[in-house]
$ cat run11.cif   # mmCIF, C-alpha atoms
data_final
loop_
_atom_site.label_atom_id
_atom_site.label_comp_id
_atom_site.auth_asym_id
_atom_site.auth_seq_id
_atom_site.Cartn_x
_atom_site.Cartn_y
_atom_site.Cartn_z
CA MET A 1 -34.82 -4.26 34.07
CA GLU A 2 -36.01 -7.77 35.04
CA ASP A 3 -39.34 -7.05 33.37
CA ASP A 4 -37.50 -6.14 30.21
CA VAL A 5 -35.53 -9.39 30.24
CA LEU A 6 -38.73 -11.39 30.82
CA GLU A 7 -40.55 -9.47 28.10
CA PHE A 8 -37.61 -9.98 25.75
CA GLY A 9 -37.62 -13.75 26.43
CA VAL A 10 -41.39 -14.04 25.92
CA CYS A 11 -41.08 -12.04 22.74
CA VAL A 12 -38.31 -14.20 21.26
CA PHE A 13 -40.17 -17.38 22.24
CA SER A 14 -43.47 -16.22 20.73
CA TRP A 15 -41.67 -14.98 17.63
CA MET A 16 -40.16 -18.46 17.17
CA ILE A 17 -43.58 -20.11 17.66
CA GLY A 18 -45.04 -17.73 15.10
CA PHE A 19 -42.18 -18.47 12.73
CA MET A 20 -42.66 -22.24 13.06
CA GLY A 21 -46.38 -21.90 12.47
CA SER A 22 -45.82 -19.61 9.49
CA GLU A 23 -48.36 -17.15 10.84
CA LYS A 24 -47.24 -14.04 9.05
CA PRO A 25 -49.25 -11.40 10.98
CA LYS A 26 -48.17 -12.86 14.30
CA ARG A 27 -44.57 -13.00 13.19
CA LEU A 28 -44.67 -9.38 12.13
CA PHE A 29 -46.33 -8.33 15.38
CA ASN A 30 -43.77 -10.10 17.47
CA LEU A 31 -40.90 -8.86 15.36
CA GLY A 32 -42.22 -5.35 15.95
CA ARG A 33 -42.25 -5.96 19.71
CA PHE A 34 -38.70 -7.31 19.43
CA VAL A 35 -37.59 -4.09 17.73
CA ILE A 36 -39.41 -1.97 20.33
CA ILE A 37 -37.66 -3.81 23.17
CA MET A 38 -34.32 -3.48 21.40
CA ASN A 39 -34.94 0.25 21.05
CA ARG A 40 -35.91 0.62 24.68
CA ARG A 41 -32.76 -1.20 25.71
CA GLY A 42 -30.62 1.19 23.68
CA ILE A 43 -29.33 -1.40 21.24
CA ASP A 44 -30.67 0.55 18.28
CA ASP A 45 -31.06 4.21 19.08
CA LYS A 46 -30.41 5.96 15.78
CA ASN A 47 -32.57 8.98 15.02
CA ILE A 48 -34.07 10.05 11.69
CA LEU A 49 -31.04 12.18 10.75
CA ASP A 50 -28.59 9.42 11.71
CA ARG A 51 -30.34 6.86 9.51
CA PHE A 52 -30.63 9.28 6.61
CA CYS A 53 -26.93 10.11 6.82
CA ILE A 54 -25.88 6.45 7.18
CA ASP A 55 -27.98 5.51 4.11
CA PHE A 56 -26.52 8.32 2.00
CA CYS A 57 -22.91 7.83 3.08
CA GLY A 58 -23.28 4.08 2.55
CA VAL A 59 -23.75 4.83 -1.15
CA ILE A 60 -21.17 7.59 -1.67
CA GLU A 61 -18.35 5.79 0.15
CA LYS A 62 -18.34 3.23 -2.69
CA HIS A 63 -17.66 5.98 -5.22
CA CYS A 64 -15.48 8.65 -3.63
CA GLU A 65 -14.06 10.14 -0.47
CA TYR A 66 -16.46 12.25 1.56
CA ILE A 67 -16.80 14.12 4.83
CA VAL A 68 -19.80 15.29 6.83
CA VAL A 69 -19.21 18.87 7.97
CA SER A 70 -20.72 21.68 10.06
CA GLY A 71 -24.12 21.40 11.82
CA PHE A 72 -24.55 17.64 11.74
CA VAL A 73 -21.11 17.16 13.32
CA VAL A 74 -22.41 19.08 16.33
CA ILE A 75 -25.87 17.50 16.35
CA ALA A 76 -24.51 13.97 15.98
CA SER A 77 -22.27 14.82 18.94
CA GLY A 78 -25.36 15.46 21.03
CA ARG A 79 -26.31 19.11 20.66
CA THR A 80 -30.08 19.51 20.83
CA ARG A 81 -30.86 21.96 18.07
CA GLY A 82 -32.77 21.76 14.84
CA THR A 83 -31.45 21.38 11.32
CA GLU A 84 -32.99 20.46 8.02
CA ASP A 85 -29.88 19.45 6.16
CA ILE A 86 -26.65 17.55 6.43
CA ASP A 87 -23.65 19.12 4.67
CA ILE A 88 -21.32 16.79 2.83
CA ILE A 89 -18.16 17.52 0.85
CA ILE A 90 -16.87 14.96 -1.63
CA GLU A 91 -13.50 14.84 -3.34
CA ARG A 92 -13.25 16.35 -6.82
CA ILE A 93 -14.37 13.76 -9.36
CA GLY A 94 -15.01 13.79 -13.09
CA LYS A 95 -18.36 13.66 -14.83
CA ASP A 96 -18.38 9.91 -15.45
CA ARG A 97 -17.74 9.07 -11.81
CA PHE A 98 -20.34 11.59 -10.69
CA VAL A 99 -22.97 10.16 -13.03
CA LYS A 100 -22.28 6.70 -11.58
CA LEU A 101 -22.59 8.11 -8.06
CA HIS A 102 -25.88 9.85 -8.88
CA ASN A 103 -27.29 6.70 -10.47
CA ALA A 104 -26.32 4.66 -7.41
CA LEU A 105 -28.07 7.22 -5.17
CA THR A 106 -31.19 7.07 -7.34
CA LYS A 107 -31.17 3.28 -7.13
CA LYS A 108 -31.18 3.55 -3.33
CA GLY A 109 -34.22 5.84 -3.33
CA PHE A 110 -32.62 9.30 -3.29
CA VAL A 111 -33.60 12.14 -5.61
CA CYS A 112 -31.94 15.45 -6.34
CA ILE A 113 -34.24 18.42 -5.67
CA GLN A 114 -32.76 20.51 -8.49
CA SER A 115 -32.85 18.04 -11.36
CA ASP A 116 -33.01 14.37 -12.34
CA ASP A 117 -30.40 14.82 -15.06
CA PRO A 118 -27.01 13.73 -13.66
CA GLU A 119 -25.07 15.76 -16.24
CA GLU A 120 -26.95 18.92 -15.27
CA ILE A 121 -26.34 18.17 -11.58
CA TYR A 122 -22.64 17.63 -12.28
CA GLY A 123 -22.59 21.06 -13.93
CA TYR A 124 -23.71 22.61 -10.63
CA VAL A 125 -21.19 20.83 -8.41
CA LYS A 126 -18.39 21.44 -10.89
CA ASP A 127 -19.19 25.16 -10.69
CA LYS A 128 -18.77 25.02 -6.89
CA LEU A 129 -22.51 25.10 -6.23
CA SER A 130 -24.22 22.72 -3.84
CA VAL A 131 -26.91 20.24 -4.83
CA ARG A 132 -29.56 18.81 -2.54
CA TYR A 133 -30.69 15.21 -2.23
CA THR A 134 -33.62 13.77 -0.28
CA TYR A 135 -35.46 10.47 -0.11
CA GLU A 136 -37.84 10.17 -3.04
CA ASP A 137 -41.14 12.00 -2.42
CA LYS A 138 -39.96 13.26 0.97
CA PRO A 139 -38.47 16.78 0.98
CA LEU A 140 -37.15 16.48 4.54
CA PRO A 141 -34.44 15.90 5.69
CA GLU A 142 -31.97 16.77 2.95
CA ILE A 143 -28.29 16.39 2.12
CA GLU A 144 -26.45 19.41 0.79
CA LEU A 145 -23.64 18.04 -1.35
CA LYS A 146 -20.61 19.99 -2.57
CA MET A 147 -17.41 19.04 -4.29
CA SER A 148 -14.08 20.03 -2.77
CA LYS A 149 -13.26 23.49 -4.13
CA ASP A 150 -9.86 24.52 -2.74
CA GLU A 151 -6.88 23.47 -0.65
CA LEU A 152 -8.85 24.03 2.52
CA ASP A 153 -11.45 21.45 1.46
CA GLU A 154 -8.64 19.10 0.44
CA TYR A 155 -7.13 19.54 3.90
CA GLN A 156 -10.54 18.82 5.46
CA LEU A 157 -10.75 15.57 3.49
CA LYS A 158 -7.16 14.67 4.40
CA THR A 159 -7.78 15.16 8.13
CA LYS A 160 -11.17 13.41 8.20
CA THR A 161 -12.01 11.46 11.31
CA LYS A 162 -14.54 9.13 12.90
CA LEU A 163 -16.16 10.31 16.11
CA PRO A 164 -16.93 7.40 18.45
CA LEU A 165 -19.16 9.57 20.67
CA THR A 166 -21.66 9.85 17.81
CA GLY A 167 -22.02 6.07 17.49
CA LEU A 168 -21.95 6.57 13.70
CA ASP A 169 -19.53 4.81 11.39
CA ILE A 170 -19.17 7.75 9.01
CA TRP A 171 -16.40 10.21 8.16
CA PHE A 172 -16.56 13.68 9.69
CA SER A 173 -14.32 16.70 9.26
CA SER A 174 -12.21 17.05 12.38
CA VAL A 175 -13.49 18.71 15.55
CA ASN A 176 -10.69 21.32 15.32
CA MET A 177 -11.74 22.07 11.74
CA ASN A 178 -15.39 22.58 12.68
CA ILE A 179 -14.47 24.86 15.58
CA ALA A 180 -12.21 26.96 13.34
CA PHE A 181 -14.90 27.36 10.64
CA LYS A 182 -17.56 28.30 13.14
CA GLU A 183 -15.39 30.80 15.02
CA GLU A 184 -13.55 32.36 12.07
CA LEU A 185 -15.91 32.19 9.09
CA LEU A 186 -19.53 31.49 9.99
CA LYS A 187 -19.75 33.43 13.28
CA THR A 188 -23.55 33.50 13.78
CA ASP A 189 -24.88 33.05 17.33
CA LYS A 190 -25.74 29.46 16.45
CA ASP A 191 -22.24 28.78 15.13
CA ILE A 192 -20.51 30.32 18.14
CA GLU A 193 -22.73 28.17 20.40
CA ASP A 194 -21.87 25.12 18.29
CA ALA A 195 -18.15 25.85 18.68
CA LYS A 196 -18.49 26.21 22.46
CA TYR A 197 -20.45 22.96 22.58
CA LEU A 198 -17.71 21.12 20.64
CA ARG A 199 -15.02 22.64 22.85
CA THR A 200 -16.82 21.27 25.94
CA VAL A 201 -17.74 17.82 24.64
CA TYR A 202 -14.37 17.13 23.02
CA ASP A 203 -12.15 19.13 25.38
CA GLU A 204 -9.41 16.47 25.41
CA GLU A 205 -9.11 16.60 21.62
CA ILE A 206 -8.93 20.35 21.18
CA ASP A 207 -5.64 21.47 19.60
CA GLU A 208 -5.38 25.28 19.64
CA LYS A 209 -2.31 25.23 17.40
CA GLU A 210 -4.22 23.26 14.77
CA ILE A 211 -7.30 25.50 15.13
CA ASN A 212 -5.15 28.59 14.58
CA LYS A 213 -3.48 27.00 11.55
CA ILE A 214 -6.93 26.28 10.03
CA LYS A 215 -8.12 29.81 10.86
CA ALA A 216 -5.14 31.16 8.94
CA MET A 217 -6.09 28.94 5.97
CA ILE A 218 -9.68 30.21 6.17
CA ARG A 219 -8.44 33.81 6.03
CA ARG A 220 -6.28 32.93 3.05
CA TYR A 221 -8.84 30.98 1.01
CA ARG A 222 -12.26 32.18 2.11
CA LEU A 223 -12.11 35.77 3.41
CA MET B 1 -27.26 37.49 21.09
CA ARG B 2 -29.04 35.09 23.41
CA ASP B 3 -28.63 35.54 27.16
CA ALA B 4 -26.12 33.81 29.40
CA SER B 5 -28.65 31.34 30.79
CA HIS B 6 -28.99 29.87 27.30
CA GLU B 7 -25.23 29.40 27.08
CA ASP B 8 -25.24 27.82 30.53
CA GLN B 9 -27.90 25.38 29.43
CA ILE B 10 -25.84 24.38 26.36
CA ARG B 11 -22.78 23.86 28.54
CA ARG B 12 -24.76 21.82 31.10
CA TRP B 13 -26.12 19.57 28.37
CA ALA B 14 -22.64 19.23 26.79
CA LEU B 15 -21.27 18.08 30.15
CA PHE B 16 -24.16 15.63 30.53
CA VAL B 17 -23.36 14.16 27.09
CA LYS B 18 -19.68 13.91 27.97
CA ASP B 19 -20.29 12.33 31.37
CA HIS B 20 -23.16 9.99 30.42
CA PRO B 21 -22.21 8.33 27.12
CA ASP B 22 -24.86 5.64 27.67
CA LYS B 23 -27.76 7.99 28.51
CA TRP B 24 -27.72 11.05 26.27
CA LYS B 25 -28.48 9.35 22.99
CA ARG B 26 -32.02 8.23 23.78
CA ILE B 27 -33.07 11.67 25.01
CA HIS B 28 -31.43 13.26 21.97
CA THR B 29 -33.04 10.80 19.54
CA GLU B 30 -36.52 11.62 20.87
CA PHE B 31 -35.78 15.34 20.48
CA ILE B 32 -34.52 15.05 16.90
CA ASN B 33 -37.26 12.66 15.78
CA ALA B 34 -39.98 14.85 17.27
CA GLN B 35 -38.92 17.77 15.05
CA PHE B 36 -39.19 15.71 11.87
CA GLU B 37 -42.40 13.99 12.91
CA LYS B 38 -43.99 17.37 13.65
CA ALA B 39 -42.77 18.86 10.36
CA GLU B 40 -44.11 15.85 8.48
CA GLN B 41 -47.54 16.23 10.11
CA ILE B 42 -47.64 19.91 9.19
CA TYR B 43 -46.59 19.34 5.58
CA HIS B 44 -49.12 16.51 5.28
CA LYS B 45 -51.86 18.90 6.45
CA LEU B 46 -50.57 21.70 4.24
CA ALA B 47 -50.60 19.40 1.19
CA GLN B 48 -54.33 18.84 1.69
CA THR B 49 -55.14 22.57 1.62
CA LYS B 50 -55.84 24.69 -1.46
CA LYS B 51 -52.51 25.41 -3.19
CA GLY B 52 -50.80 23.52 -0.34
CA LYS B 53 -48.70 21.39 -2.68
CA GLU B 54 -47.57 24.47 -4.59
CA LYS B 55 -46.53 26.05 -1.31
CA ILE B 56 -44.44 22.98 -0.37
CA ILE B 57 -42.76 23.02 -3.78
CA LYS B 58 -41.97 26.71 -3.22
CA ILE B 59 -40.74 26.22 0.36
CA PHE B 60 -38.24 23.56 -0.67
CA ASN B 61 -37.50 25.12 -4.06
CA ILE B 62 -38.24 21.78 -5.74
CA ARG B 63 -37.40 21.91 -9.43
CA ASN B 64 -37.33 18.17 -10.01
CA THR B 65 -41.03 17.62 -9.23
CA LYS B 66 -40.91 14.13 -10.77
CA GLY B 67 -38.97 13.06 -7.69
CA TYR B 68 -41.91 14.01 -5.46
CA PRO B 69 -44.95 12.40 -7.09
CA SER B 70 -47.29 13.06 -4.19
CA LEU B 71 -46.85 16.80 -4.82
CA LEU B 72 -47.98 16.56 -8.43
#

$ encode --input "run11.cif" --output "structure tokens"
Amino acid sequence: MEDDVLEFGVCVFSWMIGFMGSEKPKRLFNLGRFVIIMNRRGIDDKNILDRFCIDFCGVIEKHCEYIVVSGFVVIASGRTRGTEDIDIIIERIGKDRFVKLHNALTKKGFVCIQSDDPEEIYGYVKDKLSVRYTYEDKPLPEIELKMSKDELDEYQLKTKTKLPLTGLDIWFSSVNMNIAFKEELLKTDKDIEDAKYLRTVYDEEIDEKEINKIKAMIRRYRL
Amino acid sequence: MRDASHEDQIRRWALFVKDHPDKWKRIHTEFINAQFEKAEQIYHKLAQTKKGKEKIIKIFNIRNTKGYPSLL
């Protein structure tokens, strides 16, 4: 720990010297060391999926309501399993708003895998299909984006929450909601394990009455 | 269905996350990043092989190829 503090001090000092001398390579080198020390000290510990999700949500939150659902809720809460995509549901919006949203995403370096025509993409989401976005020229990771399609999705959006454990300032569907979907609708081994994981990590927040209410809604709208 | 030891491991890790809010994230970050770094290495290698780019386009079902210029 003391070594880290010393290293941090030396780094800041040498970065300032480099800055005063306008030695660009040295400044960059020392800035890099600064970032490495920050990372090692846990000040900035976001992973690739976290950053991707933060970047994407940073754009959509200016255009509509959204929630991150399913696998990434569990992974952001610490479960160590793989995923290639982050599922997001947005509120129902009209074509003009969607085109603006798509253009804003494009401006920030995202592309849609299916098409670069926002009207065509809107046609998919309007028809309750999902569309996939990635960083330009980088097919992994990806966002799977859907528009709210029924009262259950509306309820998910209405009960959205932030999850401090994740360290991410983004909107998630509630823990109870994710447990209900995984236990009542999805039901694969992976989903049942995800539900058990959420039940352990968030045991103080589990509301069986709410989970059962959502399960009843799932049976009504999705089964 | 996976065996009970797998479920035990998931539960043990969940309890570690719950009880060590300042420690789990770094371990988790390394795990998640490693998967993407490995995948990126593989796809980079694959892209250099004969028909490798076509395979990547097929794997990800990329229809908007303009968005992925290095695959063209």

$ resolve_selection --input "run11.cif" --expression "the PyMOL selection byres ((chain A and resi 145-160) around 6)" --output "PyMOL selection string"
chain A and resi 88-92+125+130-131+144+161+172-174

$ resolve_selection --input "run11.cif" --expression "the PyMOL selection byres ((chain B) within 10 of (chain A))" --output "PyMOL selection string"
chain B and resi 1-2+6-7+10-19+21-37+39-40+43+56-57+59-71

$ residues_around --input "run11.cif" --residues "A:Glu208" --least-positions-apart "4" --cutoff "9 Å" --atoms "only C-alpha atoms" --output "list in words"
Asn176, Asn212 and Lys213 of chain A

$ atom_distance --input "run11.cif" --atom1 "atom CA of A:Phe181" --atom2 "atom CA of A:Glu205"
16.4 Å

$ atom_distance --input "run11.cif" --atom1 "atom CA of A:Leu223" --atom2 "atom CA of A:Ile86"
23.5 Å

$ atom_distance --input "run11.cif" --atom1 "atom CA of A:Lys95" --atom2 "atom CA of A:Gly58"
20.4 Å

$ closest_residue --input "run11.cif" --among "A:Glu120, A:Glu184, A:Asp87, A:Glu204" --to "A:Val68" --atoms "all atoms listed in the file"
A:Asp87

$ resolve_selection --input "run11.cif" --expression "the PyMOL selection byres ((chain A and resi 63) around 9)" --output "JSON, numbers by chain"
{"A": [59, 60, 61, 62, 64, 65, 97, 98, 100, 101]}

$ build_atoms --input "run11.cif" --residues "stretch 207-218 of chain A" --atoms "all heavy atoms" --output "PDB file, in the coordinates of the input"
ATOM      1  N   ASP A 207      -7.033  21.130  19.860  1.00  0.00           N
ATOM      2  CA  ASP A 207      -5.640  21.470  19.600  1.00  0.00           C
ATOM      3  C   ASP A 207      -5.619  22.921  19.083  1.00  0.00           C
ATOM      4  O   ASP A 207      -5.902  23.171  17.909  1.00  0.00           O
ATOM      5  CB  ASP A 207      -5.086  20.488  18.552  1.00  0.00           C
ATOM      6  CG  ASP A 207      -3.638  20.773  18.191  1.00  0.00           C
ATOM      7  OD1 ASP A 207      -3.138  21.868  18.523  1.00  0.00           O
ATOM      8  OD2 ASP A 207      -3.018  19.907  17.552  1.00  0.00           O
ATOM      9  N   GLU A 208      -5.303  23.853  19.989  1.00  0.00           N
ATOM     10  CA  GLU A 208      -5.380  25.280  19.640  1.00  0.00           C
ATOM     11  C   GLU A 208      -4.430  25.637  18.496  1.00  0.00           C
ATOM     12  O   GLU A 208      -4.760  26.483  17.657  1.00  0.00           O
ATOM     13  CB  GLU A 208      -5.070  26.154  20.859  1.00  0.00           C
ATOM     14  CG  GLU A 208      -6.103  26.081  21.973  1.00  0.00           C
ATOM     15  CD  GLU A 208      -7.519  26.542  21.576  1.00  0.00           C
ATOM     16  OE1 GLU A 208      -7.670  27.243  20.550  1.00  0.00           O
ATOM     17  OE2 GLU A 208      -8.469  26.171  22.285  1.00  0.00           O
ATOM     18  N   LYS A 209      -3.287  24.957  18.466  1.00  0.00           N
ATOM     19  CA  LYS A 209      -2.310  25.230  17.400  1.00  0.00           C
ATOM     20  C   LYS A 209      -2.928  24.872  16.037  1.00  0.00           C
ATOM     21  O   LYS A 209      -2.823  25.626  15.071  1.00  0.00           O
ATOM     22  CB  LYS A 209      -1.045  24.404  17.664  1.00  0.00           C
ATOM     23  CG  LYS A 209       0.207  25.024  17.135  1.00  0.00           C
ATOM     24  CD  LYS A 209       1.415  24.232  17.584  1.00  0.00           C
ATOM     25  CE  LYS A 209       2.467  24.279  16.493  1.00  0.00           C
ATOM     26  NZ  LYS A 209       3.540  23.319  16.694  1.00  0.00           N
ATOM     27  N   GLU A 210      -3.571  23.713  16.011  1.00  0.00           N
ATOM     28  CA  GLU A 210      -4.220  23.260  14.770  1.00  0.00           C
ATOM     29  C   GLU A 210      -5.397  24.186  14.403  1.00  0.00           C
ATOM     30  O   GLU A 210      -5.566  24.553  13.230  1.00  0.00           O
ATOM     31  CB  GLU A 210      -4.706  21.810  14.970  1.00  0.00           C
ATOM     32  CG  GLU A 210      -5.548  21.234  13.842  1.00  0.00           C
ATOM     33  CD  GLU A 210      -4.777  20.936  12.560  1.00  0.00           C
ATOM     34  OE1 GLU A 210      -3.559  21.203  12.520  1.00  0.00           O
ATOM     35  OE2 GLU A 210      -5.405  20.488  11.581  1.00  0.00           O
ATOM     36  N   ILE A 211      -6.167  24.595  15.402  1.00  0.00           N
ATOM     37  CA  ILE A 211      -7.300  25.500  15.130  1.00  0.00           C
ATOM     38  C   ILE A 211      -6.787  26.812  14.531  1.00  0.00           C
ATOM     39  O   ILE A 211      -7.333  27.314  13.548  1.00  0.00           O
ATOM     40  CB  ILE A 211      -8.122  25.748  16.427  1.00  0.00           C
ATOM     41  CG1 ILE A 211      -8.863  24.471  16.826  1.00  0.00           C
ATOM     42  CG2 ILE A 211      -9.117  26.900  16.233  1.00  0.00           C
ATOM     43  CD1 ILE A 211      -9.580  24.529  18.165  1.00  0.00           C
ATOM     44  N   ASN A 212      -5.704  27.336  15.103  1.00  0.00           N
ATOM     45  CA  ASN A 212      -5.150  28.590  14.580  1.00  0.00           C
ATOM     46  C   ASN A 212      -4.589  28.435  13.172  1.00  0.00           C
ATOM     47  O   ASN A 212      -4.716  29.329  12.336  1.00  0.00           O
ATOM     48  CB  ASN A 212      -4.074  29.131  15.530  1.00  0.00           C
ATOM     49  CG  ASN A 212      -4.698  29.695  16.795  1.00  0.00           C
ATOM     50  OD1 ASN A 212      -5.845  30.158  16.774  1.00  0.00           O
ATOM     51  ND2 ASN A 212      -3.984  29.640  17.908  1.00  0.00           N
ATOM     52  N   LYS A 213      -3.999  27.274  12.903  1.00  0.00           N
ATOM     53  CA  LYS A 213      -3.480  27.000  11.550  1.00  0.00           C
ATOM     54  C   LYS A 213      -4.649  26.992  10.547  1.00  0.00           C
ATOM     55  O   LYS A 213      -4.559  27.583   9.474  1.00  0.00           O
ATOM     56  CB  LYS A 213      -2.774  25.628  11.562  1.00  0.00           C
ATOM     57  CG  LYS A 213      -2.253  25.185  10.228  1.00  0.00           C
ATOM     58  CD  LYS A 213      -1.664  23.784  10.335  1.00  0.00           C
ATOM     59  CE  LYS A 213      -1.637  23.109   8.980  1.00  0.00           C
ATOM     60  NZ  LYS A 213      -1.172  21.733   9.045  1.00  0.00           N
ATOM     61  N   ILE A 214      -5.765  26.342  10.938  1.00  0.00           N
ATOM     62  CA  ILE A 214      -6.930  26.280  10.030  1.00  0.00           C
ATOM     63  C   ILE A 214      -7.540  27.677   9.867  1.00  0.00           C
ATOM     64  O   ILE A 214      -7.936  28.068   8.761  1.00  0.00           O
ATOM     65  CB  ILE A 214      -7.987  25.280  10.563  1.00  0.00           C
ATOM     66  CG1 ILE A 214      -7.391  23.867  10.632  1.00  0.00           C
ATOM     67  CG2 ILE A 214      -9.219  25.270   9.666  1.00  0.00           C
ATOM     68  CD1 ILE A 214      -8.179  22.900  11.491  1.00  0.00           C
ATOM     69  N   LYS A 215      -7.578  28.441  10.959  1.00  0.00           N
ATOM     70  CA  LYS A 215      -8.120  29.810  10.860  1.00  0.00           C
ATOM     71  C   LYS A 215      -7.306  30.640   9.869  1.00  0.00           C
ATOM     72  O   LYS A 215      -7.854  31.429   9.101  1.00  0.00           O
ATOM     73  CB  LYS A 215      -8.158  30.471  12.239  1.00  0.00           C
ATOM     74  CG  LYS A 215      -9.301  29.948  13.119  1.00  0.00           C
ATOM     75  CD  LYS A 215      -9.350  30.660  14.461  1.00  0.00           C
ATOM     76  CE  LYS A 215     -10.554  30.190  15.265  1.00  0.00           C
ATOM     77  NZ  LYS A 215     -10.616  30.800  16.601  1.00  0.00           N
ATOM     78  N   ALA A 216      -6.000  30.435   9.886  1.00  0.00           N
ATOM     79  CA  ALA A 216      -5.140  31.160   8.940  1.00  0.00           C
ATOM     80  C   ALA A 216      -5.462  30.726   7.501  1.00  0.00           C
ATOM     81  O   ALA A 216      -5.509  31.560   6.579  1.00  0.00           O
ATOM     82  CB  ALA A 216      -3.672  30.905   9.264  1.00  0.00           C
ATOM     83  N   MET A 217      -5.718  29.433   7.312  1.00  0.00           N
ATOM     84  CA  MET A 217      -6.090  28.940   5.970  1.00  0.00           C
ATOM     85  C   MET A 217      -7.436  29.526   5.539  1.00  0.00           C
ATOM     86  O   MET A 217      -7.623  29.884   4.376  1.00  0.00           O
ATOM     87  CB  MET A 217      -6.164  27.411   5.962  1.00  0.00           C
ATOM     88  CG  MET A 217      -4.819  26.721   6.080  1.00  0.00           C
ATOM     89  SD  MET A 217      -4.990  24.928   6.216  1.00  0.00           S
ATOM     90  CE  MET A 217      -5.139  24.465   4.499  1.00  0.00           C
ATOM     91  N   ILE A 218      -8.356  29.631   6.476  1.00  0.00           N
ATOM     92  CA  ILE A 218      -9.680  30.210   6.170  1.00  0.00           C
ATOM     93  C   ILE A 218      -9.510  31.662   5.697  1.00  0.00           C
ATOM     94  O   ILE A 218     -10.101  32.085   4.702  1.00  0.00           O
ATOM     95  CB  ILE A 218     -10.613  30.138   7.404  1.00  0.00           C
ATOM     96  CG1 ILE A 218     -11.008  28.678   7.677  1.00  0.00           C
ATOM     97  CG2 ILE A 218     -11.872  30.997   7.205  1.00  0.00           C
ATOM     98  CD1 ILE A 218     -11.731  28.448   8.993  1.00  0.00           C
TER      99      ILE A 218
END
